[in-house]
Amino acid sequence: MHIGIMCHASYGGSARIATGLAIALAGLGHRVHIFTGTGPLANRDRMPDVVVHTITLDGAKGLHPATLHTDWSAEDLQRYTDRILQVINTEGLDVLHFHYAIPFAFVAQSIRDVLGKTMPLVIGTLHGTDVSNFGRDPMIGPRLAQVLKSSDVLTTVSESHAQLATEVFGLAEPPRAIPNFIDLSKFRPSTHWDGDGRPGSRPRIAHVSNFRPVKDPQTMARIFLAIRARIETELWLIGSGEEMDAVRSIFRKSAFEDDVVYLGLRSDVASLLRQVDLLLMTSLHESFSLVALEAMACGVPVLATRVGGVPEVVIHGSTGMLFPLGDHALAADMAVSLLSNPPAHRAMRQAAIQHAVKFRVERIVRKYEALYKRRAKASRLEPVTIY
Ligand code: GMT
């Protein structure tokens, strides 16, 4: 099949899923085009069989690379739309699949306005704040709901987010939940461990995010300090973003500033995760939490807020521990008890590795492929009204 994928060029999970899907579909023999803006597109160096269209977005200039650029100018939108129309006109597309509804659901609509009945099958995958933020925004939500309802198929990344999208957009039926996936050849456990944790080193905790308010990094900082006050441990901060200054200020005023390492934006997250004993995530909401899956695949138990789709990724008490939003004392207790109990940590590590296998890219991408084939065939069989 000829497949077009629309996605952001950010470090965020939706771009990593979109590019991973493009790579896997090309590997299955499909002709895949990916349409993205200027920016640090994930996996760009691993997409030899994918036709990558990088459309200049003047509005993206000067933005922090961790920013999800959603406020596109009319000119940028037109330039992006024209490129997709050009590909459809020159070689045709069977499927047009967007990842993250803003602005791509509107791009799909403007293409449909031009092509009418010759429009490819449109699949929309809702990833996160396109539902929980934009969907609830009175200025955008109603229009977005209307445009989404004209997509042929909607999918999202967890049952929890499917339920939220149904409520927020007043959908007649929930989007199909197809979980995010992981490349286990990239995210794999360390082979150097002796089973009782990294030899001769104190426990290491990591937080990985784009340090936006939705990740609540300031709470993460306070939970780490509560843990550090009770046991010897260090913190690796991976990523960066708008809340980083506030996080630095919290640590600077603490007694444990020297136990925090700022690693910044990194393309080697997998190798860093292999050196870590616990991932700490404090998101206010998450449709899935791709980084939790990546950590588990690297053998790292996850301590996270029990929000959104996270319980569909992290099995509480088995592959990690989930705490209610705001219960920071419980979070610290959980971390101290696990990091002070090597056999329990080893068991959780093994369970995490096993659990991550269920989300391997080879298995999940087949679900998307089957959906494309089933719906593309159905749309060709639909009776065409002859006027
Ligand atoms: O939705 C966002 O704010 C950004 C988006 C992204 O592009 O990273 O994150 C969402 O999509 C990821 C991939 O499906 C999920 O793993 C994240 O949980 C989700 N973020 C939120 O729901 C806050």
# chains A, B, ... in the order shown; residues from 1 in each chain; ligands from 1
>>> residues_around(residues="segment 164-170 of chain A", least_positions_apart="5", cutoff="8 Å", atoms="only C-alpha atoms", output="mmCIF file with N, CA, C and O atoms, in the first residue's frame")
data_model
loop_
_atom_site.group_PDB
_atom_site.id
_atom_site.type_symbol
_atom_site.label_atom_id
_atom_site.label_comp_id
_atom_site.auth_asym_id
_atom_site.auth_seq_id
_atom_site.Cartn_x
_atom_site.Cartn_y
_atom_site.Cartn_z
ATOM 1 N N VAL A 131 -6.253 15.796 22.934
ATOM 2 C CA VAL A 131 -7.555 15.549 23.552
ATOM 3 C C VAL A 131 -7.679 16.325 24.876
ATOM 4 O O VAL A 131 -8.590 17.130 25.068
ATOM 5 N N SER A 132 -6.700 16.103 25.756
ATOM 6 C CA SER A 132 -6.859 16.613 27.134
ATOM 7 C C SER A 132 -6.687 18.121 27.238
ATOM 8 O O SER A 132 -7.217 18.737 28.153
ATOM 9 N N GLY A 135 -8.753 19.552 23.113
ATOM 10 C CA GLY A 135 -10.152 19.080 23.062
ATOM 11 C C GLY A 135 -11.046 19.845 24.022
ATOM 12 O O GLY A 135 -12.231 20.044 23.774
ATOM 13 N N ARG A 136 -10.481 20.269 25.114
ATOM 14 C CA ARG A 136 -11.272 20.962 26.148
ATOM 15 C C ARG A 136 -11.232 22.476 25.978
ATOM 16 O O ARG A 136 -11.862 23.210 26.723
ATOM 17 N N GLY A 141 -11.892 23.155 20.612
ATOM 18 C CA GLY A 141 -12.519 21.842 20.799
ATOM 19 C C GLY A 141 -13.693 21.543 19.885
ATOM 20 O O GLY A 141 -13.691 20.508 19.194
ATOM 21 N N PRO A 142 -14.698 22.440 19.819
ATOM 22 C CA PRO A 142 -15.870 22.124 18.978
ATOM 23 C C PRO A 142 -15.510 21.914 17.507
ATOM 24 O O PRO A 142 -15.973 20.969 16.867
ATOM 25 N N LEU A 144 -12.604 21.056 16.338
ATOM 26 C CA LEU A 144 -11.772 19.845 16.246
ATOM 27 C C LEU A 144 -12.675 18.613 16.296
ATOM 28 O O LEU A 144 -12.518 17.679 15.507
ATOM 29 N N ALA A 145 -13.673 18.628 17.158
ATOM 30 C CA ALA A 145 -14.608 17.494 17.255
ATOM 31 C C ALA A 145 -15.276 17.250 15.910
ATOM 32 O O ALA A 145 -15.358 16.121 15.419
ATOM 33 N N PRO A 175 -12.604 5.764 19.921
ATOM 34 C CA PRO A 175 -11.511 5.434 18.997
ATOM 35 C C PRO A 175 -10.985 4.034 19.308
ATOM 36 O O PRO A 175 -11.081 3.564 20.440
#
>>> closest_atom_pairs(of="chain A", to="ligand 1", cutoff="8 Å", atoms="only C-alpha atoms and all ligand atoms", output="tab-separated table")
residue	atom	partner	partner_atom_place_in_ligand_line	distance
A:His8	CA	ligand 1	7 (O)	7.5
A:Ser10	CA	ligand 1	7 (O)	7.3
A:Tyr11	CA	ligand 1	8 (O)	7.2
A:Gly12	CA	ligand 1	8 (O)	3.4
A:Gly13	CA	ligand 1	8 (O)	3.4
A:Ser14	CA	ligand 1	7 (O)	3.6
A:Ala15	CA	ligand 1	7 (O)	5.8
A:Arg16	CA	ligand 1	13 (C)	7.5
A:Ile17	CA	ligand 1	13 (C)	6.4
A:Leu68	CA	ligand 1	4 (C)	6.8
A:Tyr100	CA	ligand 1	7 (O)	6.9
A:Leu126	CA	ligand 1	14 (O)	7.7
A:His127	CA	ligand 1	11 (O)	4.2
A:Gly128	CA	ligand 1	22 (O)	3.3
A:Thr129	CA	ligand 1	1 (O)	3.8
A:Asp130	CA	ligand 1	1 (O)	5.8
A:Val131	CA	ligand 1	1 (O)	7.8
A:Ser132	CA	ligand 1	22 (O)	7.3
A:Thr156	CA	ligand 1	14 (O)	7.8
A:Val157	CA	ligand 1	14 (O)	5.8
A:Asn180	CA	ligand 1	14 (O)	6.1
A:Val214	CA	ligand 1	23 (C)	6.2
A:Lys215	CA	ligand 1	23 (C)	7.4
A:Ser283	CA	ligand 1	23 (C)	7.4
A:Leu284	CA	ligand 1	23 (C)	7.8
A:His285	CA	ligand 1	23 (C)	5.4
A:Glu286	CA	ligand 1	22 (O)	3.6
A:Ser287	CA	ligand 1	22 (O)	3.9
A:Phe288	CA	ligand 1	18 (O)	3.9
A:Ser289	CA	ligand 1	16 (O)	3.7
A:Leu290	CA	ligand 1	16 (O)	3.9
A:Val291	CA	ligand 1	16 (O)	7.0
A:Gly308	CA	ligand 1	22 (O)	7.7
A:Gly309	CA	ligand 1	18 (O)	7.5
A:Val310	CA	ligand 1	18 (O)	7.8
>>> write_last_selection(atoms="N, CA and C atoms", output="short mmCIF file (atom, residue, chain, number, x, y, z; two decimals), in the first residue's frame")
data_model
loop_
_atom_site.label_atom_id
_atom_site.label_comp_id
_atom_site.auth_asym_id
_atom_site.auth_seq_id
_atom_site.Cartn_x
_atom_site.Cartn_y
_atom_site.Cartn_z
N HIS A 8 4.51 15.50 13.87
CA HIS A 8 5.38 16.59 14.28
C HIS A 8 6.84 16.16 14.15
N SER A 10 9.03 16.73 16.52
CA SER A 10 9.53 17.02 17.88
C SER A 10 10.18 15.78 18.49
N TYR A 11 10.69 15.94 19.71
CA TYR A 11 11.22 14.79 20.45
C TYR A 11 10.08 13.99 21.07
N GLY A 12 8.87 14.51 21.01
CA GLY A 12 7.76 13.91 21.76
C GLY A 12 7.39 12.51 21.28
N GLY A 13 6.59 11.86 22.10
CA GLY A 13 6.22 10.46 21.84
C GLY A 13 5.44 10.29 20.55
N SER A 14 4.58 11.25 20.20
CA SER A 14 3.76 11.02 18.99
C SER A 14 4.66 10.99 17.75
N ALA A 15 5.71 11.82 17.74
CA ALA A 15 6.63 11.82 16.59
C ALA A 15 7.44 10.53 16.56
N ARG A 16 7.81 10.03 17.75
CA ARG A 16 8.59 8.79 17.80
C ARG A 16 7.73 7.60 17.36
N ILE A 17 6.47 7.63 17.72
CA ILE A 17 5.58 6.54 17.29
C ILE A 17 5.34 6.62 15.79
N LEU A 68 6.38 21.14 21.35
CA LEU A 68 5.44 20.59 20.37
C LEU A 68 4.82 21.79 19.67
N TYR A 100 -1.43 12.90 16.21
CA TYR A 100 -1.67 14.10 17.00
C TYR A 100 -2.57 15.03 16.16
N LEU A 126 -5.09 9.86 18.03
CA LEU A 126 -5.07 10.88 19.07
C LEU A 126 -4.05 10.44 20.11
N HIS A 127 -3.13 11.36 20.46
CA HIS A 127 -2.00 10.93 21.29
C HIS A 127 -2.06 11.42 22.73
N GLY A 128 -2.58 12.59 22.99
CA GLY A 128 -2.49 13.04 24.39
C GLY A 128 -3.17 14.38 24.58
N THR A 129 -2.35 15.44 24.60
CA THR A 129 -2.94 16.76 24.90
C THR A 129 -3.78 17.29 23.73
N ASP A 130 -3.72 16.61 22.59
CA ASP A 130 -4.67 17.00 21.53
C ASP A 130 -6.10 16.77 22.04
N VAL A 131 -6.25 15.80 22.93
CA VAL A 131 -7.55 15.55 23.55
C VAL A 131 -7.68 16.33 24.88
N SER A 132 -6.70 16.10 25.76
CA SER A 132 -6.86 16.61 27.13
C SER A 132 -6.69 18.12 27.24
N THR A 156 -6.40 5.60 19.19
CA THR A 156 -5.63 6.27 20.23
C THR A 156 -4.80 5.22 20.94
N VAL A 157 -4.04 5.65 21.97
CA VAL A 157 -2.94 4.80 22.46
C VAL A 157 -3.27 4.05 23.73
N ASN A 180 0.98 2.11 22.11
CA ASN A 180 2.28 2.45 21.54
C ASN A 180 3.18 1.23 21.59
N VAL A 214 2.80 19.76 32.31
CA VAL A 214 1.99 18.52 32.41
C VAL A 214 2.80 17.38 33.04
N LYS A 215 4.13 17.46 32.97
CA LYS A 215 4.98 16.42 33.57
C LYS A 215 5.22 16.67 35.06
N SER A 283 3.64 12.82 36.09
CA SER A 283 2.74 13.54 35.17
C SER A 283 1.36 13.77 35.77
N LEU A 284 0.78 14.91 35.43
CA LEU A 284 -0.59 15.22 35.85
C LEU A 284 -1.59 14.42 35.02
N HIS A 285 -1.23 14.23 33.74
CA HIS A 285 -1.98 13.24 32.96
C HIS A 285 -1.09 12.74 31.83
N GLU A 286 -1.34 11.49 31.46
CA GLU A 286 -0.58 10.85 30.39
C GLU A 286 -1.50 9.85 29.69
N SER A 287 -1.60 9.93 28.40
CA SER A 287 -2.44 8.95 27.69
C SER A 287 -1.78 7.58 27.73
N PHE A 288 -0.43 7.57 27.80
CA PHE A 288 0.29 6.29 27.73
C PHE A 288 1.57 6.32 28.56
N SER A 289 2.47 7.20 28.26
CA SER A 289 3.82 7.38 28.80
C SER A 289 4.80 6.44 28.11
N LEU A 290 5.24 6.87 26.94
CA LEU A 290 6.16 6.06 26.14
C LEU A 290 7.45 5.81 26.92
N VAL A 291 7.90 6.80 27.67
CA VAL A 291 9.17 6.64 28.38
C VAL A 291 9.06 5.56 29.46
N GLY A 308 -4.43 8.53 33.77
CA GLY A 308 -4.66 8.22 32.36
C GLY A 308 -4.39 6.79 32.00
N GLY A 309 -3.58 6.61 30.96
CA GLY A 309 -3.29 5.27 30.46
C GLY A 309 -2.11 4.61 31.13
N VAL A 310 -1.48 5.29 32.08
CA VAL A 310 -0.27 4.73 32.71
C VAL A 310 -0.52 3.34 33.31
#
>>> select_by_dssp(residues="segment 268-368 of chain A", states="alpha helix (DSSP H)", output="ChimeraX atom specification")
/A:269-273,290-297,328-339,342-356,361-368
>>> write_last_selection(atoms="C-alpha atoms", output="PDB file, in the first residue's frame")
ATOM      1  CA  VAL A 269      18.200   7.682  26.109  1.00  0.00           C
ATOM      2  CA  ALA A 270      18.253   3.878  25.787  1.00  0.00           C
ATOM      3  CA  SER A 271      21.895   3.591  26.852  1.00  0.00           C
ATOM      4  CA  LEU A 272      21.304   6.024  29.723  1.00  0.00           C
ATOM      5  CA  LEU A 273      18.229   4.098  30.914  1.00  0.00           C
ATOM      6  CA  LEU A 290       6.156   6.061  26.145  1.00  0.00           C
ATOM      7  CA  VAL A 291       9.167   6.639  28.382  1.00  0.00           C
ATOM      8  CA  ALA A 292       7.691   4.267  30.992  1.00  0.00           C
ATOM      9  CA  LEU A 293       7.589   1.531  28.351  1.00  0.00           C
ATOM     10  CA  GLU A 294      11.134   2.383  27.220  1.00  0.00           C
ATOM     11  CA  ALA A 295      12.386   2.175  30.799  1.00  0.00           C
ATOM     12  CA  MET A 296      10.734  -1.194  31.431  1.00  0.00           C
ATOM     13  CA  ALA A 297      12.230  -2.578  28.209  1.00  0.00           C
ATOM     14  CA  HIS A 328       4.297  12.406  47.428  1.00  0.00           C
ATOM     15  CA  ALA A 329       5.047  10.764  50.806  1.00  0.00           C
ATOM     16  CA  LEU A 330       3.742   7.447  49.499  1.00  0.00           C
ATOM     17  CA  ALA A 331       5.865   7.839  46.377  1.00  0.00           C
ATOM     18  CA  ALA A 332       8.985   8.364  48.474  1.00  0.00           C
ATOM     19  CA  ASP A 333       8.096   5.371  50.676  1.00  0.00           C
ATOM     20  CA  MET A 334       7.681   3.167  47.603  1.00  0.00           C
ATOM     21  CA  ALA A 335      11.036   4.234  46.174  1.00  0.00           C
ATOM     22  CA  VAL A 336      12.921   3.786  49.464  1.00  0.00           C
ATOM     23  CA  SER A 337      11.425   0.362  50.071  1.00  0.00           C
ATOM     24  CA  LEU A 338      12.232  -0.914  46.553  1.00  0.00           C
ATOM     25  CA  LEU A 339      15.732   0.535  46.359  1.00  0.00           C
ATOM     26  CA  PRO A 342      17.690  -5.890  45.985  1.00  0.00           C
ATOM     27  CA  PRO A 343      15.730  -9.151  45.582  1.00  0.00           C
ATOM     28  CA  ALA A 344      12.461  -7.214  45.184  1.00  0.00           C
ATOM     29  CA  HIS A 345      14.165  -4.836  42.748  1.00  0.00           C
ATOM     30  CA  ARG A 346      15.563  -7.765  40.754  1.00  0.00           C
ATOM     31  CA  ALA A 347      12.119  -9.384  40.522  1.00  0.00           C
ATOM     32  CA  MET A 348      10.517  -6.112  39.387  1.00  0.00           C
ATOM     33  CA  ARG A 349      13.266  -5.624  36.828  1.00  0.00           C
ATOM     34  CA  GLN A 350      12.664  -9.047  35.301  1.00  0.00           C
ATOM     35  CA  ALA A 351       8.885  -8.536  35.237  1.00  0.00           C
ATOM     36  CA  ALA A 352       9.351  -5.171  33.516  1.00  0.00           C
ATOM     37  CA  ILE A 353      11.519  -6.698  30.795  1.00  0.00           C
ATOM     38  CA  GLN A 354       8.995  -9.474  30.184  1.00  0.00           C
ATOM     39  CA  HIS A 355       6.035  -7.097  30.139  1.00  0.00           C
ATOM     40  CA  ALA A 356       7.641  -4.781  27.567  1.00  0.00           C
ATOM     41  CA  VAL A 361       6.907  -2.960  17.294  1.00  0.00           C
ATOM     42  CA  GLU A 362       6.647  -6.132  15.179  1.00  0.00           C
ATOM     43  CA  ARG A 363       3.391  -7.063  16.927  1.00  0.00           C
ATOM     44  CA  ILE A 364       1.718  -3.666  17.200  1.00  0.00           C
ATOM     45  CA  VAL A 365       2.432  -2.436  13.677  1.00  0.00           C
ATOM     46  CA  ARG A 366       0.527  -5.434  12.291  1.00  0.00           C
ATOM     47  CA  LYS A 367      -2.564  -4.035  14.022  1.00  0.00           C
ATOM     48  CA  TYR A 368      -2.233  -0.751  12.108  1.00  0.00           C
TER      49      TYR A 368
END
>>> residues_around(residues="segment 104-112 of chain A", least_positions_apart="3", cutoff="8 Å", atoms="only C-alpha atoms", output="ChimeraX atom specification")
/A:6-7,77,81,85,96,98-101,115-117,119,122,124,144,147-148,150
>>> write_last_selection(atoms="N, CA and C atoms", output="tab-separated table (two decimals), in the first residue's frame")
chain	number	residue	atom	x	y	z
A	6	MET	N	1.42	11.83	8.66
A	6	MET	CA	1.64	13.22	9.08
A	6	MET	C	2.03	13.21	10.56
A	7	CYS	N	3.09	13.94	10.89
A	7	CYS	CA	3.49	13.98	12.31
A	7	CYS	C	4.36	15.21	12.57
A	77	LEU	N	0.73	26.03	6.92
A	77	LEU	CA	-0.29	24.99	6.70
A	77	LEU	C	-0.49	24.75	5.21
A	81	THR	N	0.16	21.32	3.24
A	81	THR	CA	-0.97	20.69	2.54
A	81	THR	C	-0.65	20.48	1.06
A	85	LEU	N	-0.77	17.04	-1.26
A	85	LEU	CA	-1.60	16.98	-2.49
A	85	LEU	C	-0.73	16.63	-3.69
A	96	LEU	N	-3.95	8.03	4.46
A	96	LEU	CA	-3.32	9.22	5.04
A	96	LEU	C	-3.54	9.12	6.55
A	98	PHE	N	-2.69	10.57	10.31
A	98	PHE	CA	-2.07	11.64	11.10
A	98	PHE	C	-1.88	11.20	12.55
A	99	HIS	N	-0.80	11.73	13.13
A	99	HIS	CA	-0.46	11.45	14.53
A	99	HIS	C	-0.47	12.76	15.30
A	100	TYR	N	-1.43	12.90	16.21
A	100	TYR	CA	-1.67	14.10	17.00
A	100	TYR	C	-2.57	15.03	16.16
A	101	ALA	N	-3.70	15.36	16.73
A	101	ALA	CA	-4.79	15.97	15.94
A	101	ALA	C	-4.51	17.42	15.52
A	115	LEU	N	-10.12	17.09	-2.62
A	115	LEU	CA	-10.19	15.81	-3.36
A	115	LEU	C	-11.59	15.20	-3.38
A	116	GLY	N	-12.40	15.54	-2.38
A	116	GLY	CA	-13.76	14.94	-2.34
A	116	GLY	C	-13.69	13.43	-2.27
A	117	LYS	N	-14.38	12.74	-3.15
A	117	LYS	CA	-14.51	11.28	-3.07
A	117	LYS	C	-13.20	10.54	-3.38
A	119	MET	N	-10.51	11.08	-2.01
A	119	MET	CA	-9.67	11.23	-0.81
A	119	MET	C	-9.18	9.86	-0.33
A	122	VAL	N	-8.60	8.10	5.63
A	122	VAL	CA	-7.97	8.94	6.65
A	122	VAL	C	-8.06	8.26	8.02
A	124	GLY	N	-6.87	8.78	11.97
A	124	GLY	CA	-6.34	9.77	12.90
A	124	GLY	C	-5.99	9.10	14.21
A	144	LEU	N	-12.60	21.06	16.34
A	144	LEU	CA	-11.77	19.84	16.25
A	144	LEU	C	-12.68	18.61	16.30
A	147	VAL	N	-14.24	18.07	12.89
A	147	VAL	CA	-13.29	17.58	11.88
A	147	VAL	C	-12.92	16.12	12.15
A	148	LEU	N	-12.75	15.78	13.42
A	148	LEU	CA	-12.39	14.39	13.76
A	148	LEU	C	-13.48	13.42	13.34
A	150	SER	N	-15.13	13.43	10.82
A	150	SER	CA	-15.13	13.10	9.39
A	150	SER	C	-13.92	12.23	9.02
>>> atom_distance(atom1="atom CA of Ala206 of chain A", atom2="atom CA of Thr282 of chain A")
11.8 Å
>>> atom_distance(atom1="atom CA of Val87 of chain A", atom2="atom CA of Thr54 of chain A")
13.2 Å
>>> closest_residue(among="A:Ser209, A:Thr319, A:Gln218, A:Ser340", to="Thr67 of chain A", atoms="only C-alpha atoms")
A:Ser209
>>> select_by_dssp(residues="segment 56-189 of chain A", states="strand (DSSP E or B)", output="list in words")
Val95, Leu96, His97, Phe98, His99, Leu121, Val122, Ile123, Gly124, Thr125, Leu126, Val153, Leu154, Thr155, Thr156, Arg176, Ala177 and Ile182 of chain A
>>> residues_around(residues="Ala229 of chain A", least_positions_apart="4", cutoff="9 Å", atoms="only C-alpha atoms", output="ChimeraX atom specification")
/A:224-225,255-256
